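Q: Take this structure, written in structure tokens, and hold onto it; I'll ask about it next.
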Amino acid sequence: MVGNISIQNVRKEFVNQDSSQENIVALNDFTLDIQPGTFISLIGPSGCGKSTLLRLIGGLDRPSSGSIVLDGKEIKKPGSDRGFAFQGSNLFPWLTVEQNISFGLKARHIYKDKKKDVQDFIDLIGLNGFEKSYPHQLSGGMNQRASLARALVGHPKVLLLDEPLGALDAFTRMNLQDEILEIWQKHSMTMIMVTHDVDEAIYMSDRVVVMSARPSKVEAVIDIELPRPRARAQDTFQVYRSKILDILNLGGDIGTIEYQI
Amino acid sequence: MKRYITIIIKLILTIIAVLLSVAAYYGLNDNGKQKATEYPYYVYFILIVLGIYIIIAAASVFLRTLRSRLVHKAPLLTGIIIFIALINIITTKTTMLPTLYFPSLDRIIGLIYEQKYFLLENIISSLKLLITGFIWGASIGFLTGLALGYNKKVGYWLNPVTKFIGPIPTTAWIPLALSVFPTTNTANIFLIAFAVWFPVTLMTSSGIQSTNQVHFEVSSTLGASTFYKVIHVAIPSAMPSIFLGVFYGTVSSFATLMAVEMNGNSSGIGWYINWQKQVMMYDGVYAGLIIIAVLCSLILTLLFKVRDRVLVWQKGVIKW
């Protein structure tokens, strides 16, 4: 199985343009090994560098030092082996749903052979009948679905999710959580999700990585040993939740904690 | 029932307006100062309009969409007919305005009819110049805008040049262009191209620069090359802005067209107006103005139609 990510002593520093101020160190000495096929959630105080880490894995930024290795190869730039679902939907507004989903296949000139995949993913996310619609004609949930399909259609080994469901209402959110889990089980890829929602992290993940405040390190890795499919109203949830919240609270000066109940 | 009565009244009012115009034409006494024309061209014109109107009204009995459009536009048409009738009354029946500068509608419409082939030649000459200049200006403007907007180094060197040369009014270039270019025609093409070039460059570059950065990142993660990103992300995302530039460019190309045709050209509608003015034939001046109005609004309508097609994804998002 592929999709193993090894993060070794990663440091990420942002140079401050204003020289009178110090550089911002988002991540320092960050080490984490992610097993192929696992569902990982990154959770931590606001501004702690969760998204920065995701961008480094995605290859959109380079670490200042340390290395990130995917299946034995160091990550240096974005690639289609890693799907990226950004915050908000970010569909291309000038393309229809179908054209948005097939964008990556066309960019890589493999659309002719993989045409069928586009329809499969449209079916999978339940957007049949909306293939020819433009993003502004769809609801937020549908946009998010299409955006997920766009990231998934190239069959990446790793899917990076940056608060993918943040802007959605509670019901759409729960539905999409289940859909993401279904896709994950069906396609057996590594999932790394940034979230603010402790419940969401517990419900979805194999392991929750709690990050410390800036400069961020791994504060704790909590294995969620609940059988799947999980029930949202399970008692054991409470145990995990208080455990995670405890860790977040005990981290010293950690700034504001963002979580939703 | 009441709805139908309103519709019928709206439609009949237009016919009544035409009949009243004709009645005023024959019923009121002429002021006797306007040069008489061979035929009552104004009456012919307004009757042709009425004929077309009746044909459309008859067709609209069967065509639903045509009917609603007709009912919507009928009061406007009535208003226009009354306005034209008033102009006719003021110019031919009263002595309120000097007849030299305000010829009768008979003379203006008659002149357009009698000189139709000559006018057509001038229209074609104007359009040729306008379209050639426009294509040069728009394509070079698009390319410079793309380079300026996408490449920071090109932007650093060329932006100041663009911003320094661009705002010079095109008409200020006329003397120089006429002496530098080998023929008047090439000078004119350059001047019109210049008028289109600047707004297109500016708006293309601004559109490219305001491309959502996340869209570039999304396409990187989907495996797109730089070239692919320019063609499939930067340009489509800049399209609304580019169209705005093309719109400004088109409007300023009309102004430049008139300016160059009135300066040293020997054909075209602008030249025709200037020539008619010099020989004190103000009916010709009005005829030219009417033709330009029709031409320019047709071109703009065409431009908007193209925009609606290209920017169909924007429908309901942005309006201008």
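Please note that chains go A, B, ... in the order of the structure tokens, that every chain numbers its residues from 1, and that ligands are numbered from 1 in the order shown.
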Using DSSP on the backbone, list every residue of stretch 2-92 of chain A that comes out as strand (DSSP E or B), and give them as a PyMOL selection string.
A: chain A and resi 5-14+24-34+39-43+65-70+73-74+82-85
Q: Apply DSSP to the backbone of this structure and, from stretch 38-176 of chain B, keep only the residues in alpha helix (DSSP H); write these as a tab-separated table (two decimals) with N, CA and C atoms, in the first residue's frame.
A:
```
chain	number	residue	atom	x	y	z
B	41	TYR	N	-40.49	62.27	-48.28
B	41	TYR	CA	-39.70	61.15	-47.76
B	41	TYR	C	-40.04	60.81	-46.31
B	42	TYR	N	-40.31	61.84	-45.52
B	42	TYR	CA	-40.64	61.60	-44.11
B	42	TYR	C	-41.88	60.74	-43.99
B	43	VAL	N	-42.91	61.05	-44.81
B	43	VAL	CA	-44.14	60.27	-44.77
B	43	VAL	C	-43.87	58.83	-45.21
B	44	TYR	N	-43.06	58.68	-46.27
B	44	TYR	CA	-42.72	57.33	-46.73
B	44	TYR	C	-42.06	56.54	-45.59
B	45	PHE	N	-41.12	57.22	-44.96
B	45	PHE	CA	-40.35	56.55	-43.90
B	45	PHE	C	-41.27	56.08	-42.77
B	46	ILE	N	-42.13	56.97	-42.34
B	46	ILE	CA	-42.96	56.64	-41.18
B	46	ILE	C	-44.00	55.57	-41.55
B	47	LEU	N	-44.41	55.57	-42.83
B	47	LEU	CA	-45.35	54.53	-43.26
B	47	LEU	C	-44.66	53.17	-43.37
B	48	ILE	N	-43.39	53.19	-43.77
B	48	ILE	CA	-42.63	51.93	-43.80
B	48	ILE	C	-42.51	51.37	-42.38
B	49	VAL	N	-42.20	52.28	-41.44
B	49	VAL	CA	-42.13	51.85	-40.03
B	49	VAL	C	-43.46	51.24	-39.61
B	50	LEU	N	-44.55	51.91	-39.98
B	50	LEU	CA	-45.88	51.39	-39.62
B	50	LEU	C	-46.12	50.02	-40.23
B	51	GLY	N	-45.71	49.88	-41.51
B	51	GLY	CA	-45.88	48.60	-42.20
B	51	GLY	C	-45.16	47.47	-41.46
B	52	ILE	N	-43.91	47.73	-41.12
B	52	ILE	CA	-43.12	46.72	-40.40
B	52	ILE	C	-43.79	46.40	-39.06
B	53	TYR	N	-44.24	47.46	-38.41
B	53	TYR	CA	-44.88	47.29	-37.10
B	53	TYR	C	-46.11	46.39	-37.22
B	54	ILE	N	-46.92	46.62	-38.27
B	54	ILE	CA	-48.14	45.82	-38.42
B	54	ILE	C	-47.79	44.36	-38.72
B	55	ILE	N	-46.75	44.16	-39.54
B	55	ILE	CA	-46.34	42.78	-39.85
B	55	ILE	C	-45.92	42.06	-38.56
B	56	ILE	N	-45.10	42.77	-37.74
B	56	ILE	CA	-44.64	42.16	-36.48
B	56	ILE	C	-45.84	41.88	-35.56
B	57	ALA	N	-46.77	42.84	-35.50
B	57	ALA	CA	-47.95	42.66	-34.65
B	57	ALA	C	-48.75	41.45	-35.10
B	58	ALA	N	-48.87	41.28	-36.41
B	58	ALA	CA	-49.61	40.14	-36.93
B	58	ALA	C	-48.90	38.83	-36.58
B	59	ALA	N	-47.57	38.84	-36.73
B	59	ALA	CA	-46.80	37.63	-36.42
B	59	ALA	C	-46.88	37.31	-34.93
B	60	SER	N	-47.00	38.35	-34.12
B	60	SER	CA	-46.96	38.13	-32.67
B	60	SER	C	-48.24	37.50	-32.14
B	64	ARG	N	-45.41	33.85	-28.94
B	64	ARG	CA	-45.56	34.37	-27.58
B	64	ARG	C	-44.47	35.35	-27.17
B	65	THR	N	-43.20	34.94	-27.37
B	65	THR	CA	-42.10	35.79	-26.90
B	65	THR	C	-42.08	37.11	-27.67
B	66	LEU	N	-42.35	37.02	-28.99
B	66	LEU	CA	-42.40	38.23	-29.81
B	66	LEU	C	-43.48	39.17	-29.29
B	67	ARG	N	-44.61	38.59	-28.90
B	67	ARG	CA	-45.72	39.40	-28.42
B	67	ARG	C	-45.34	40.17	-27.16
B	68	SER	N	-44.74	39.48	-26.20
B	68	SER	CA	-44.42	40.19	-24.96
B	68	SER	C	-43.38	41.28	-25.21
B	69	ARG	N	-42.45	41.00	-26.14
B	69	ARG	CA	-41.46	42.04	-26.45
B	69	ARG	C	-42.11	43.23	-27.13
B	70	LEU	N	-43.03	42.93	-28.04
B	70	LEU	CA	-43.71	44.00	-28.78
B	70	LEU	C	-44.51	44.88	-27.82
B	71	VAL	N	-45.26	44.24	-26.93
B	71	VAL	CA	-46.08	44.99	-25.98
B	71	VAL	C	-45.18	45.83	-25.08
B	72	HIS	N	-44.03	45.26	-24.73
B	72	HIS	CA	-43.09	45.98	-23.88
B	72	HIS	C	-42.54	47.22	-24.58
B	73	LYS	N	-42.24	47.08	-25.88
B	73	LYS	CA	-41.57	48.16	-26.62
B	73	LYS	C	-42.54	49.14	-27.26
B	74	ALA	N	-43.81	48.77	-27.41
B	74	ALA	CA	-44.76	49.60	-28.16
B	74	ALA	C	-44.85	51.03	-27.61
B	75	PRO	N	-44.98	51.24	-26.29
B	75	PRO	CA	-45.06	52.62	-25.79
B	75	PRO	C	-43.81	53.43	-26.13
B	76	LEU	N	-42.64	52.78	-26.10
B	76	LEU	CA	-41.39	53.46	-26.43
B	76	LEU	C	-41.42	53.92	-27.88
B	77	LEU	N	-41.87	53.01	-28.76
B	77	LEU	CA	-41.95	53.33	-30.18
B	77	LEU	C	-42.91	54.50	-30.40
B	78	THR	N	-44.05	54.46	-29.70
B	78	THR	CA	-45.02	55.56	-29.79
B	78	THR	C	-44.35	56.88	-29.41
B	79	GLY	N	-43.61	56.85	-28.34
B	79	GLY	CA	-42.92	58.05	-27.89
B	79	GLY	C	-41.94	58.57	-28.93
B	80	ILE	N	-41.19	57.64	-29.54
B	80	ILE	CA	-40.21	58.05	-30.55
B	80	ILE	C	-40.91	58.68	-31.75
B	81	ILE	N	-42.02	58.06	-32.17
B	81	ILE	CA	-42.75	58.58	-33.33
B	81	ILE	C	-43.26	59.99	-33.04
B	82	ILE	N	-43.77	60.19	-31.82
B	82	ILE	CA	-44.28	61.52	-31.46
B	82	ILE	C	-43.14	62.53	-31.42
B	83	PHE	N	-42.01	62.12	-30.88
B	83	PHE	CA	-40.85	63.00	-30.79
B	83	PHE	C	-40.41	63.43	-32.19
B	84	ILE	N	-40.34	62.46	-33.12
B	84	ILE	CA	-39.92	62.78	-34.49
B	84	ILE	C	-40.94	63.72	-35.14
B	85	ALA	N	-42.23	63.46	-34.87
B	85	ALA	CA	-43.28	64.31	-35.44
B	85	ALA	C	-43.11	65.75	-34.93
B	86	LEU	N	-42.77	65.89	-33.65
B	86	LEU	CA	-42.56	67.23	-33.08
B	86	LEU	C	-41.40	67.93	-33.77
B	87	ILE	N	-40.31	67.17	-33.98
B	87	ILE	CA	-39.16	67.76	-34.69
B	87	ILE	C	-39.61	68.25	-36.07
B	88	ASN	N	-40.38	67.42	-36.72
B	88	ASN	CA	-40.83	67.78	-38.07
B	88	ASN	C	-41.69	69.05	-38.03
B	105	LEU	N	-36.94	66.97	-42.04
B	105	LEU	CA	-36.72	65.52	-42.07
B	105	LEU	C	-36.82	64.98	-43.49
B	106	ASP	N	-37.70	65.59	-44.29
B	106	ASP	CA	-37.79	65.20	-45.70
B	106	ASP	C	-36.43	65.27	-46.37
B	107	ARG	N	-35.71	66.35	-46.10
B	107	ARG	CA	-34.40	66.54	-46.74
B	107	ARG	C	-33.37	65.54	-46.22
B	108	ILE	N	-33.38	65.31	-44.91
B	108	ILE	CA	-32.39	64.38	-44.34
B	108	ILE	C	-32.64	62.96	-44.83
B	109	ILE	N	-33.89	62.51	-44.68
B	109	ILE	CA	-34.21	61.14	-45.10
B	109	ILE	C	-34.03	61.01	-46.61
B	110	GLY	N	-34.46	62.04	-47.35
B	110	GLY	CA	-34.30	62.02	-48.80
B	110	GLY	C	-32.84	61.92	-49.20
B	111	LEU	N	-32.00	62.66	-48.49
B	111	LEU	CA	-30.57	62.63	-48.83
B	111	LEU	C	-29.98	61.24	-48.59
B	112	ILE	N	-30.35	60.62	-47.45
B	112	ILE	CA	-29.85	59.27	-47.18
B	112	ILE	C	-30.29	58.33	-48.29
B	113	TYR	N	-31.55	58.50	-48.73
B	113	TYR	CA	-32.06	57.62	-49.77
B	113	TYR	C	-31.37	57.87	-51.11
B	114	GLU	N	-31.24	59.14	-51.46
B	114	GLU	CA	-30.70	59.46	-52.79
B	114	GLU	C	-29.20	59.17	-52.88
B	116	LYS	N	-27.57	56.82	-51.23
B	116	LYS	CA	-27.34	55.58	-50.48
B	116	LYS	C	-26.06	54.85	-50.90
B	117	TYR	N	-25.76	54.81	-52.21
B	117	TYR	CA	-24.57	54.06	-52.63
B	117	TYR	C	-23.29	54.77	-52.20
B	118	PHE	N	-23.32	56.10	-52.37
B	118	PHE	CA	-22.16	56.89	-51.97
B	118	PHE	C	-21.93	56.77	-50.45
B	119	LEU	N	-23.02	56.85	-49.69
B	119	LEU	CA	-22.91	56.72	-48.24
B	119	LEU	C	-22.40	55.33	-47.85
B	120	LEU	N	-22.90	54.33	-48.56
B	120	LEU	CA	-22.49	52.95	-48.28
B	120	LEU	C	-20.98	52.78	-48.49
B	121	GLU	N	-20.48	53.40	-49.57
B	121	GLU	CA	-19.03	53.35	-49.82
B	121	GLU	C	-18.27	53.93	-48.63
B	122	ASN	N	-18.77	55.04	-48.12
B	122	ASN	CA	-18.10	55.69	-46.99
B	122	ASN	C	-18.22	54.86	-45.72
B	123	ILE	N	-19.38	54.23	-45.55
B	123	ILE	CA	-19.56	53.37	-44.37
B	123	ILE	C	-18.54	52.23	-44.43
B	124	ILE	N	-18.42	51.61	-45.62
B	124	ILE	CA	-17.49	50.49	-45.76
B	124	ILE	C	-16.07	50.94	-45.49
B	125	SER	N	-15.73	52.12	-46.02
B	125	SER	CA	-14.39	52.66	-45.80
B	125	SER	C	-14.12	52.88	-44.32
B	126	SER	N	-15.11	53.44	-43.61
B	126	SER	CA	-14.96	53.66	-42.16
B	126	SER	C	-14.81	52.34	-41.42
B	127	LEU	N	-15.67	51.38	-41.77
B	127	LEU	CA	-15.65	50.10	-41.06
B	127	LEU	C	-14.34	49.37	-41.26
B	128	LYS	N	-13.81	49.45	-42.50
B	128	LYS	CA	-12.54	48.79	-42.81
B	128	LYS	C	-11.45	49.32	-41.89
B	129	LEU	N	-11.40	50.66	-41.82
B	129	LEU	CA	-10.39	51.31	-40.99
B	129	LEU	C	-10.58	50.94	-39.53
B	130	LEU	N	-11.83	51.02	-39.08
B	130	LEU	CA	-12.13	50.75	-37.67
B	130	LEU	C	-11.76	49.31	-37.29
B	131	ILE	N	-12.17	48.37	-38.13
B	131	ILE	CA	-11.95	46.95	-37.79
B	131	ILE	C	-10.46	46.60	-37.84
B	132	THR	N	-9.77	47.10	-38.89
B	132	THR	CA	-8.33	46.81	-38.96
B	132	THR	C	-7.61	47.36	-37.73
B	133	GLY	N	-7.89	48.63	-37.40
B	133	GLY	CA	-7.26	49.24	-36.23
B	133	GLY	C	-7.62	48.52	-34.96
B	134	PHE	N	-8.89	48.14	-34.87
B	134	PHE	CA	-9.36	47.47	-33.65
B	134	PHE	C	-8.63	46.13	-33.45
B	135	ILE	N	-8.53	45.36	-34.53
B	135	ILE	CA	-7.91	44.03	-34.41
B	135	ILE	C	-6.45	44.17	-33.98
B	136	TRP	N	-5.73	45.10	-34.62
B	136	TRP	CA	-4.33	45.33	-34.22
B	136	TRP	C	-4.24	45.74	-32.76
B	137	GLY	N	-5.04	46.75	-32.41
B	137	GLY	CA	-4.97	47.30	-31.05
B	137	GLY	C	-5.35	46.29	-30.00
B	138	ALA	N	-6.44	45.55	-30.26
B	138	ALA	CA	-6.92	44.61	-29.26
B	138	ALA	C	-5.95	43.46	-29.10
B	139	SER	N	-5.38	42.95	-30.23
B	139	SER	CA	-4.50	41.79	-30.05
B	139	SER	C	-3.17	42.19	-29.42
B	140	ILE	N	-2.60	43.32	-29.85
B	140	ILE	CA	-1.35	43.75	-29.21
B	140	ILE	C	-1.61	44.11	-27.75
B	141	GLY	N	-2.74	44.77	-27.50
B	141	GLY	CA	-3.10	45.13	-26.13
B	141	GLY	C	-3.25	43.92	-25.24
B	142	PHE	N	-3.89	42.89	-25.79
B	142	PHE	CA	-4.08	41.66	-25.02
B	142	PHE	C	-2.73	41.04	-24.67
B	143	LEU	N	-1.83	40.98	-25.66
B	143	LEU	CA	-0.52	40.36	-25.42
B	143	LEU	C	0.31	41.17	-24.43
B	144	THR	N	0.35	42.50	-24.60
B	144	THR	CA	1.13	43.30	-23.64
B	144	THR	C	0.51	43.21	-22.25
B	145	GLY	N	-0.81	43.23	-22.19
B	145	GLY	CA	-1.47	43.13	-20.90
B	145	GLY	C	-1.15	41.81	-20.21
B	146	LEU	N	-1.13	40.75	-21.00
B	146	LEU	CA	-0.83	39.42	-20.47
B	146	LEU	C	0.60	39.38	-19.91
B	147	ALA	N	1.53	39.91	-20.70
B	147	ALA	CA	2.93	39.92	-20.27
B	147	ALA	C	3.11	40.77	-19.02
B	148	LEU	N	2.49	41.96	-19.03
B	148	LEU	CA	2.60	42.87	-17.89
B	148	LEU	C	2.00	42.25	-16.63
B	149	GLY	N	0.85	41.61	-16.81
B	149	GLY	CA	0.14	41.10	-15.65
B	149	GLY	C	0.76	39.84	-15.09
B	150	TYR	N	1.34	39.02	-15.96
B	150	TYR	CA	1.79	37.71	-15.48
B	150	TYR	C	3.24	37.74	-15.04
B	152	LYS	N	6.43	39.53	-13.53
B	152	LYS	CA	6.77	40.69	-12.70
B	152	LYS	C	7.89	41.53	-13.31
B	153	LYS	N	8.87	40.87	-13.95
B	153	LYS	CA	9.99	41.61	-14.54
B	153	LYS	C	9.52	42.46	-15.71
B	154	VAL	N	8.73	41.85	-16.58
B	154	VAL	CA	8.17	42.61	-17.70
B	154	VAL	C	7.36	43.79	-17.16
B	155	GLY	N	6.60	43.51	-16.11
B	155	GLY	CA	5.79	44.55	-15.50
B	155	GLY	C	6.63	45.70	-15.00
B	156	TYR	N	7.76	45.36	-14.37
B	156	TYR	CA	8.64	46.40	-13.81
B	156	TYR	C	9.10	47.37	-14.88
B	157	TRP	N	9.52	46.83	-16.05
B	157	TRP	CA	10.06	47.69	-17.10
B	157	TRP	C	8.99	48.33	-17.96
B	158	LEU	N	7.93	47.59	-18.23
B	158	LEU	CA	6.95	48.11	-19.19
B	158	LEU	C	5.81	48.91	-18.57
B	159	ASN	N	5.53	48.67	-17.29
B	159	ASN	CA	4.41	49.37	-16.68
B	159	ASN	C	4.57	50.89	-16.74
B	160	PRO	N	5.74	51.41	-16.36
B	160	PRO	CA	5.90	52.87	-16.43
B	160	PRO	C	5.74	53.40	-17.85
B	161	VAL	N	6.26	52.64	-18.82
B	161	VAL	CA	6.14	53.07	-20.22
B	161	VAL	C	4.67	53.15	-20.61
B	162	THR	N	3.94	52.07	-20.30
B	162	THR	CA	2.52	52.03	-20.63
B	162	THR	C	1.78	53.19	-19.97
B	163	LYS	N	2.09	53.40	-18.69
B	163	LYS	CA	1.34	54.42	-17.97
B	163	LYS	C	1.71	55.83	-18.40
B	164	PHE	N	2.91	55.99	-19.02
B	164	PHE	CA	3.34	57.30	-19.48
B	164	PHE	C	2.78	57.60	-20.87
B	165	ILE	N	2.86	56.60	-21.75
B	165	ILE	CA	2.43	56.82	-23.14
B	165	ILE	C	0.92	56.65	-23.30
B	170	THR	N	-5.33	60.18	-28.19
B	170	THR	CA	-4.95	59.71	-29.53
B	170	THR	C	-4.83	60.86	-30.50
B	171	THR	N	-5.72	61.84	-30.36
B	171	THR	CA	-5.72	62.94	-31.32
B	171	THR	C	-4.41	63.72	-31.29
B	172	ALA	N	-3.73	63.70	-30.13
B	172	ALA	CA	-2.47	64.41	-30.03
B	172	ALA	C	-1.38	63.76	-30.89
B	173	TRP	N	-1.58	62.48	-31.23
B	173	TRP	CA	-0.61	61.77	-32.06
B	173	TRP	C	-0.81	62.07	-33.55
B	174	ILE	N	-1.95	62.64	-33.92
B	174	ILE	CA	-2.28	62.75	-35.34
B	174	ILE	C	-1.18	63.43	-36.17
B	175	PRO	N	-0.70	64.62	-35.77
B	175	PRO	CA	0.32	65.27	-36.60
B	175	PRO	C	1.55	64.41	-36.80
B	176	LEU	N	2.04	63.81	-35.70
B	176	LEU	CA	3.24	62.98	-35.77
B	176	LEU	C	2.99	61.75	-36.63
```
Q: Sorted by chain and rising residue number, which residues of chain A lie within 8 Å of chain B, and what are their closest atom pairs and distances in Å to one decimal, counting only C-alpha atoms, as a Markdown table?
A:
```
| residue | atom | partner | partner_atom | distance |
| --- | --- | --- | --- | --- |
| A:Gly58 | CA | B:Thr221 | CA | 7.1 |
| A:Leu60 | CA | B:Glu217 | CA | 7.1 |
| A:Pro78 | CA | B:Thr221 | CA | 5.0 |
| A:Gly79 | CA | B:Thr221 | CA | 5.5 |
| A:Ser80 | CA | B:Gly223 | CA | 5.1 |
| A:Arg82 | CA | B:Thr221 | CA | 7.0 |
| A:Gly83 | CA | B:Thr221 | CA | 6.5 |
| A:Phe84 | CA | B:Thr221 | CA | 6.4 |
| A:Phe86 | CA | B:Val218 | CA | 7.7 |
| A:Asn90 | CA | B:His215 | CA | 6.8 |
| A:Leu91 | CA | B:His215 | CA | 7.9 |
| A:Phe92 | CA | B:His215 | CA | 7.0 |
| A:Pro93 | CA | B:Trp313 | CA | 6.7 |
| A:Trp94 | CA | B:Trp313 | CA | 5.2 |
| A:Leu95 | CA | B:Trp313 | CA | 7.2 |
| A:Phe103 | CA | B:Leu222 | CA | 7.6 |
| A:Gly104 | CA | B:Leu222 | CA | 4.7 |
| A:Leu105 | CA | B:Leu222 | CA | 7.9 |
| A:Ala107 | CA | B:Ala224 | CA | 4.9 |
| A:Arg108 | CA | B:Gly223 | CA | 6.2 |
| A:Tyr134 | CA | B:Trp313 | CA | 6.1 |
| A:His136 | CA | B:Val317 | CA | 7.7 |
| A:Ala151 | CA | B:Leu222 | CA | 7.2 |
| A:Gly154 | CA | B:Leu222 | CA | 8.0 |
```
Q: Measure the distance from atom CA of A:Arg241 to atom CA of A:Ser212 in Å and round it to one decimal.
A: 16.7 Å
Q: Show which residues sit within 10 Å of stretch 40-42 of chain A, as a tab-separated table (two decimals) with N, CA and C atoms, in the first residue's frame. Count only C-alpha atoms, and ignore same-chain residues fewer than 4 positions away.
A:
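Below you can see result_20.tsv, which holds the result:
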```
chain	number	residue	atom	x	y	z
A	34	ILE	N	3.23	9.07	9.10
A	34	ILE	CA	1.83	8.75	8.79
A	34	ILE	C	1.78	7.46	7.99
A	35	GLN	N	1.08	6.48	8.55
A	35	GLN	CA	0.98	5.17	7.90
A	35	GLN	C	0.07	5.24	6.67
A	49	GLY	N	-0.28	26.61	12.73
A	49	GLY	CA	0.49	26.07	11.62
A	49	GLY	C	-0.05	24.77	11.04
A	50	LYS	N	-1.33	24.47	11.32
A	50	LYS	CA	-1.94	23.27	10.73
A	50	LYS	C	-1.98	23.38	9.21
A	51	SER	N	-2.48	24.52	8.75
A	51	SER	CA	-2.57	24.70	7.30
A	51	SER	C	-1.20	24.79	6.67
A	53	LEU	N	1.44	23.17	7.61
A	53	LEU	CA	1.91	21.80	7.47
A	53	LEU	C	1.28	21.14	6.24
A	54	LEU	N	-0.02	21.38	6.08
A	54	LEU	CA	-0.73	20.79	4.95
A	54	LEU	C	-0.16	21.30	3.62
A	160	LEU	N	-5.33	15.75	0.96
A	160	LEU	CA	-5.13	16.75	2.00
A	160	LEU	C	-6.39	17.61	2.08
A	161	LEU	N	-6.97	17.70	3.25
A	161	LEU	CA	-8.23	18.43	3.39
A	161	LEU	C	-8.02	19.59	4.37
A	162	ASP	N	-8.12	20.80	3.87
A	162	ASP	CA	-7.93	21.97	4.72
A	162	ASP	C	-9.29	22.52	5.15
A	163	GLU	N	-9.72	22.14	6.32
A	163	GLU	CA	-11.04	22.52	6.84
A	163	GLU	C	-12.09	22.47	5.73
A	190	THR	N	-4.47	7.71	1.88
A	190	THR	CA	-4.15	8.37	3.14
A	190	THR	C	-4.88	9.71	3.18
A	191	MET	N	-5.55	9.98	4.29
A	191	MET	CA	-6.28	11.25	4.40
A	191	MET	C	-5.65	12.06	5.52
A	192	ILE	N	-5.38	13.33	5.23
A	192	ILE	CA	-4.90	14.23	6.28
A	192	ILE	C	-5.82	15.44	6.29
A	193	MET	N	-6.51	15.64	7.41
A	193	MET	CA	-7.52	16.69	7.45
A	193	MET	C	-7.23	17.68	8.57
A	194	VAL	N	-7.23	18.95	8.21
A	194	VAL	CA	-7.14	20.02	9.21
A	194	VAL	C	-8.56	20.36	9.63
A	195	THR	N	-8.79	20.42	10.92
A	195	THR	CA	-10.14	20.78	11.36
A	195	THR	C	-10.09	21.57	12.66
A	196	HIS	N	-11.14	22.32	12.91
A	196	HIS	CA	-11.29	23.03	14.18
A	196	HIS	C	-12.26	22.30	15.09
A	197	ASP	N	-12.86	21.27	14.54
A	197	ASP	CA	-13.99	20.65	15.20
A	197	ASP	C	-13.52	19.33	15.84
A	198	VAL	N	-13.48	19.32	17.19
A	198	VAL	CA	-12.98	18.15	17.91
A	198	VAL	C	-13.86	16.93	17.61
A	200	GLU	N	-15.66	16.32	14.99
A	200	GLU	CA	-15.42	15.87	13.63
A	200	GLU	C	-14.15	15.03	13.57
A	201	ALA	N	-13.11	15.50	14.25
A	201	ALA	CA	-11.84	14.78	14.28
A	201	ALA	C	-12.03	13.38	14.87
A	202	ILE	N	-12.76	13.30	15.99
A	202	ILE	CA	-12.95	12.00	16.64
A	202	ILE	C	-13.80	11.08	15.78
A	204	MET	N	-14.16	10.99	12.58
A	204	MET	CA	-13.64	10.57	11.28
A	204	MET	C	-12.29	9.86	11.33
A	205	SER	N	-11.45	10.18	12.33
A	205	SER	CA	-10.04	9.80	12.19
A	205	SER	C	-9.67	8.47	12.83
A	206	ASP	N	-8.58	7.89	12.33
A	206	ASP	CA	-7.90	6.82	13.03
A	206	ASP	C	-7.04	7.41	14.14
A	207	ARG	N	-6.40	8.53	13.80
A	207	ARG	CA	-5.51	9.18	14.76
A	207	ARG	C	-5.73	10.68	14.71
A	208	VAL	N	-5.77	11.28	15.90
A	208	VAL	CA	-5.88	12.73	15.97
A	208	VAL	C	-4.53	13.27	16.44
A	209	VAL	N	-3.96	14.16	15.63
A	209	VAL	CA	-2.69	14.77	16.00
A	209	VAL	C	-2.99	16.13	16.60
A	210	VAL	N	-2.69	16.27	17.90
A	210	VAL	CA	-2.92	17.55	18.56
A	210	VAL	C	-1.64	18.36	18.47
A	211	MET	N	-1.74	19.56	17.91
A	211	MET	CA	-0.56	20.39	17.74
A	211	MET	C	-0.51	21.48	18.80
A	218	VAL	N	4.28	18.43	17.57
A	218	VAL	CA	3.25	17.46	17.89
A	218	VAL	C	3.10	17.42	19.41
A	221	VAL	N	-0.43	12.43	20.06
A	221	VAL	CA	-1.11	11.68	18.99
A	221	VAL	C	-2.06	10.72	19.68
A	222	ILE	N	-3.33	10.87	19.38
A	222	ILE	CA	-4.33	10.05	20.06
A	222	ILE	C	-4.95	9.08	19.07
A	223	ASP	N	-4.82	7.80	19.37
A	223	ASP	CA	-5.46	6.80	18.50
A	223	ASP	C	-6.91	6.68	18.88
```
Q: Mind pulling up the distance from atom CA of B:Ser205 to atom CA of B:Ala255?
A: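 Those two atoms sit 23.9 Å apart.
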Q: Using only C-alpha atoms, find the one residue out of B:Lys35, B:Arg307, B:Lys2, B:Lys277 that sits nearest to B:Ser241.
A: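 Smallest separation from B:Ser241 among the options: B:Arg307.
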Q: Using atom CA of A:Arg62 and atom CA of A:Ile24 as the two end points, give the distance in Å to one decimal.
A: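 Straight-line distance from atom CA of A:Arg62 to atom CA of A:Ile24 works out to 15.0 Å.
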Q: Tell me, as a list in words, which residues lie within 9 Å of A:Arg232, counting only C-alpha atoms; anything in the same chain fewer than 3 positions away does not count.
A: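 These residues fall inside the cut-off: Asp199, Tyr203 and Phe237 of chain A.
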Q: Take the residues just selected and output them with C-alpha atoms as a PDB file, in the first residue's frame.
A:
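File out34.pdb, as written:
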```
ATOM      1  CA  ASP A 199     -16.081  16.004  17.324  1.00  0.00           C
ATOM      2  CA  TYR A 203     -15.762  10.817  14.390  1.00  0.00           C
ATOM      3  CA  PHE A 237     -16.767  10.082  22.265  1.00  0.00           C
TER       4      PHE A 237
END
```
Q: Would you list the contacts of A:Glu74 as a ChimeraX atom specification, taking every protein, DNA or RNA residue within 10 Å and counting only C-alpha atoms, but skipping same-chain residues closer than 4 positions in sequence?
A: /A:5-7,57,59,67-70
